[in-house]
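Accompanying notes for the structure given below.
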2 protein chains.
Amino acid sequence: MSSTFRSVQGSVTAPPGFRAGSISAGIKAEAGARDVSLLASEQLCTVAGTFTTSRAPAAPVLLCKEHLLATNGRAQALVMNSGNANCSNGERGLIDARRMAELAANKLGIDPQHVLVSSTGIIGRPLPMEKIERGIAQVDLLPDGGHLFTLGIMTTDTRPKEIAIEFEVEGQTVRLGGATKGAGMIYPNMATMLCYLTTDAALDLTFQQDALRRAVNDSFNMICIDGDMSTNDTVLLFANGLAGNTPLAANSPGASVFEAALRHVTRYLAREMARDGEGATKLMEVVVRGARTDADARRAARALTISPIWRCAVYGEDPNWGRVLSTLGACGAEMLHERIDVSFGEVGVVRGGVAVDYKPEAAKAVLAQAEFTLNIDLHMGFYSATAWGCDMTHGYIDENATYHR
Amino acid sequence: MSSTFRSVQGSVTAPPGFRAGSISAGIKAEAGARDVSLLASEQLCTVAGTFTTSRAPAAPVLLCKEHLLATNGRAQALVMNSGNANCSNGERGLIDARRMAELAANKLGIDPQHVLVSSTGIIGRPLPMEKIERGIAQVDLLPDGGHLFTLGIMTTDTRPKEIAIEFEVEGQTVRLGGATKGAGMIYPNMATMLCYLTTDAALDLTFQQDALRRAVNDSFNMICIDGDMSTNDTVLLFANGLAGNTPLAANSPGASVFEAALRHVTRYLAREMARDGEGATKLMEVVVRGARTDADARRAARALTISPIWRCAVYGEDPNWGRVLSTLGACGAEMLHERIDVSFGEVGVVRGGVAVDYKPEAAKAVLAQAEFTLNIDLHMGFYSATAWGCDMTHGYIDENATYHR
C-alpha cells in the first residue's frame with residue numbers, strides 16, 4: 001500500500017499553495033527556542049478537525065471549534081505558540097486566543113474567523129501577548145518553511161516529527177504533508193499533542209471530517225505515553241484544493257486512496273510520537289487479535305501501552321508475561337483466561353493461558369530491540385486493534401518530577 | 001468515632017478463638033523469608049469475601065469462591081503462600097490450590113471445604129508443592145501468632161500492616177483484627193493485594209457480606225499504587241461468633257457500630273498500603289467534593305491517584321496544579337472548568353478554574369510533607385469521595401524494571 005505513496009520533502013508546505021514559518025519570540029525559557037509558528041494557504045481551505053474531549057479544554061480549542069462552526073469548516077491559516085497552553089486563564093484566555101487570530105489575520109489580510117489558533121505549554125499562566133504580537137509580526141512565511149514550522153511546534157520532543165507524500169488520486173498528482181508534536185500525552189507543564197496536516201487535494205468537507213476522524217481513531221487515539229489526554233490536543237487537516245480535482249466525497253473513485261494516504265501519514269506520525277515519548281528507550285507496538293468487539297480490541301491493546309508495571313518490565317527488558325496477562329485480565333475486555341495467546345515478536349510465550357516451553361533469552365532479545373511487537377490473540381472473536389507506546393523509565397520520572405518555572 | 005475503638009495487640013489473633021502462624025518454606029528466594037502462613041478459628045466462622053474482578057483470576061481465587069458457595073459462606077481456616085501467585089497454571093493450578101486446602105484441613109482435622117486458600121507472587125510458575133506441603137506441616141498455630149502471620153503474607157512491602165481494635169456492640173465487648181499486604185496494586189511478579197480480617201462477633205452472613213463490600217468500596221477500592229488490579233486480590237472477613245452475641249443483622253442496634261469499626265480497620269489498612277506503595281516517599285489523600293454523582297466523585301479522586309504525570313510532580317514537590325486540572329478534565333466525570341476549586345492542604349491554588357494569588361512556597365511546603373491532602377471541589381452536586389495514593393518515583397522504576405527470577 002505505502003509503495004504507492006512517494007516520500008517528498010517539506011512537511012506541511014509540501015503541498016502546493018501552503019507557506020509556513022516559525023520564530024523565537026521569547027515565550028520559552030530557552031534562548032532562541034522557536035515558539036511562534038504560522039501556517040497559511042494561498043486560498044481558503046476546507047478544514048477538518050478533532051479536538052481533546054477534556055472537560056477543561058484550553059481557550060484555543062474552544063476558539064477553533066467556534067471558528068469552524070461559524071465558517072462551516074473553512075479556514076486559511078493557523079497561528080500557534082509553544083511555551084504556554086493558554087488554559088485555565090478564564091475569560092482572558094479566550095480574549096487572548098481571539099487576539100492571536102486577529103493579529104495573524106491582519107498580517108495575512110484575511111478574515112480573523114479564517115484563522116485557527118493553538119497553544120501548548122504550561123497551564124494557568126496568562127499568554128505574554130506583547131511577545132506573541134511581536135512574534136506574529138516578525139515570522140516569515142516561506143514556501144519551503146514546513147520544517148521550520150515543525151521545529152516551532154516542538155516542546156519536550158527530542159526530534160521533529162514530520163512527513164510528506166505524493167500520490168495519484170483519480171489521475172491527478174496530489175500531496176499530503178503533516179507535522180506533529182507531543183512527548184507526553186498529558187504533559188500540561190510544557191506540552192500537549194498537536195498535529196497539522198495539509199493537502200492540495202480538493203475534499204468534500206463531510207468526507208474530509210469522516211476520513212480524518214477514522215484516521216485519528218486508528219493512529220493518535222491508539223498511542224499512549226502516560227495514559228491521559230491533554231487540555232489542548234488538536235488535529236487539523238487543511239485542504240486547499242489547488243490540485244484542481246473534483247472534490248473527493250465518500251463515493252468518489254479516489255476516496256479510498258486518499259483515505260489510505262491519510263492513514264499512512266497519521267499512523268507514521270503517531271508511531272513517531274510514541275517512539276519519542278518522554279524518557280522512552282523503546283517503541284512498543286501492541287497488536288490484539290481475536291477480540292469479541294472493536295471496543296474490546298482497542299481496550300486491551302491500549303491497556304498494555306498504559307500499564308506502568310508492564311512498561312517498567314519493558315524498560316528492564318524483562319519478558320515477564322505475567323504482567324501482560326494481569327493487565328489484560330484487568331482491562332475490562334471480554335476474555336477467557338484459558339484462551340489467551342501471547343508472543344513477544346515471533347517468540348510465543350503463552351498459549352491457552354499457560355506458559356509454553358520457550359527460551360527466555362529469545363524473549364528477552366525481542367524486548368532488547370529499539371522497536372518490538374507484543375502480539376495477543378484472545379480467541380474470542382474477529383476484531384483486532386494496534387496500539388503504540390513506549391517503556392516507562394527513569395528519564396520519564398526525571399522529566400516530570402522537576403519544578404515548573 | 002475512632003475514640004470508641006480501643007487499640008489492642010495481636011493483628012488477626014486479637015479476637016478470641018483465632019490462632020495463626022507462618023514459616024519459611026523456601027518458596028521465596030530470600031533465605032529465611034516467611035512464605036507459608038496459616039490462620040484458623042476454634043470454631044466454624046461465617047466468612048464474607050471480596051475478590052479481584054480480573055478476567056484472568058488466579059486458581060486460589062476460584063477455589064475460595066467455589067468453597068464459599070458450597071458451604072454457604074462458612075470456613076474455619078485460611079492457608080496462604082507468598083512467592084508464587086499460582087496464576088496462569090491451567091488445570092494444575094486448581095489441583096494444587098485444592099491440595100493446599102486438603103493439607104491444611106488434614107493438619108487441623110477439619111473439612112477441606114472449610115479451608116480458604118490464597119497465593120501471591122510470580123505468575124505462570126507451578127507451585128512448588130513439596131515445599132508447601134512441608135511448610136503446612138511445620139507451621140505452628142499460636143494464639144498470639146497474628147504478627148507472625150502478618151510477616152508471612154508480606155512480599156515487596158517494606159513494613160507489616162496490621163491493626164486490632166476492641167469495642168462494645170450491644171453491651172458486649174468484641175474485637176476486630178486485620179492484616180494486609182500489597183505494595184503494588186498490580187505487581188504480579190511478586191505481589192498482590194490480600195487482606196484478612198477476623199472478629200469474634202457473631203454476624204448474620206448477609207449483613208457481614210454487605211458491610212464488607214461497603215467497607216472495601218471506600219477503602220481498598222479507593223487506593224492506587226499503579227492504577228491496576230491483580231489476578232489474586234482477596235479480602236476475607238472471618239467471624240467466629242465466640243463473643244456469644246446475637247448475630248448482628250442489618251437492623252440490629254449494634255450493626256452501625258460494627259460497620260463503623262470495619263470501616264475504621266479497612267481504611268487504616270488501605271492508607272497504610274498506599275503509604276507503603278512501591279517506591280513511595282509520600283502518602284497522598286485526595287478528597288473530591290461537590291460531584292454530581294457518587295461515581296463521578298470516585299472517578300475524579302481515583303484519577304488523581306493514578307496519573308503518572310501528577311504523581312511525578314508530587315515526587316518533585318512541584319505544586320503544578322495544571323496537572324491536577326488536566327487530569328480532572330480527562331477523567332470523564334461531569335464538570336465545568338470554570339467551577340473547579342483546588343487546594344493543597346489548606347492552601348487554595350485554584351478558584352473557579354483559574355489561579356488564585358497564592359504563595360508557591362506555601363503550596364510547595366504542603367507537598368513536602370510525608371502525608372498531605374489534595375482537596376477538590378467541583379461545585380456540581382453533593383457527592384464526595386476520598387482516595388489514597390502515593391508519588392511516582394525512581395524507586396518504583398527500580399523495583400519494577402528488574403528481571404524476575
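Ordered as shown in the C-alpha cells, chains take letters A, B, and onward, while each chain numbers its residues from 1 and ligands are numbered from 1 in the order shown.
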
Using only C-alpha atoms and a distance of at most 8 Å, pull out the residues of chain A that contact chain B, as an MDAnalysis selection string. chainID A and resid 53:57 88:90 122:124 186:189 226:231 307:309 312:318 320 322:323 325:332 334:338 353:355 392:394 397 400:404

Taking a cut-off of 12 Å and counting only C-alpha atoms, can you build a table that, for each residue of stretch 292-367 of chain A near stretch 202-222 of chain A, reports the nearest atom pair and how far apart they are in Å (one decimal), sorted by chain then residue number, as a tab-separated table?
```
residue	atom	partner	partner_atom	distance
A:Asp294	CA	A:Asp218	CA	11.2
A:Ala295	CA	A:Asn217	CA	11.5
A:Ala297	CA	A:Met222	CA	11.0
A:Arg298	CA	A:Met222	CA	7.6
A:Arg299	CA	A:Met222	CA	9.6
A:Ala300	CA	A:Met222	CA	11.0
A:Ala301	CA	A:Met222	CA	8.2
A:Arg302	CA	A:Met222	CA	6.6
A:Ala303	CA	A:Met222	CA	10.3
A:Leu304	CA	A:Met222	CA	11.1
A:Thr305	CA	A:Met222	CA	8.9
A:Ile306	CA	A:Met222	CA	10.7
```

Output file for the residues above (C-alpha atoms, as a PDB file, in the first residue's frame):
```
ATOM      1  CA  ASP A 294     -13.769  -3.462  18.195  1.00  0.00           C
ATOM      2  CA  ALA A 295     -14.007  -1.696  21.578  1.00  0.00           C
ATOM      3  CA  ALA A 297      -9.656  -4.951  20.904  1.00  0.00           C
ATOM      4  CA  ARG A 298      -8.809  -1.279  21.433  1.00  0.00           C
ATOM      5  CA  ARG A 299      -9.265  -1.515  25.210  1.00  0.00           C
ATOM      6  CA  ALA A 300      -6.911  -4.487  25.506  1.00  0.00           C
ATOM      7  CA  ALA A 301      -4.255  -3.022  23.201  1.00  0.00           C
ATOM      8  CA  ARG A 302      -4.305   0.365  24.904  1.00  0.00           C
ATOM      9  CA  ALA A 303      -4.228  -1.165  28.409  1.00  0.00           C
ATOM     10  CA  LEU A 304      -0.824  -2.646  27.624  1.00  0.00           C
ATOM     11  CA  THR A 305       0.517   0.718  26.453  1.00  0.00           C
ATOM     12  CA  ILE A 306      -0.685   2.327  29.720  1.00  0.00           C
TER      13      ILE A 306
END
```

Pick out each residue of stretch 58-305 of chain B that DSSP on the backbone tags as helix (DSSP H, G or I); I need them as a PyMOL selection string. chain B and resi 59-70+90-108+112-114+129-138+146-153+205-217+220-222+255-275+294-305
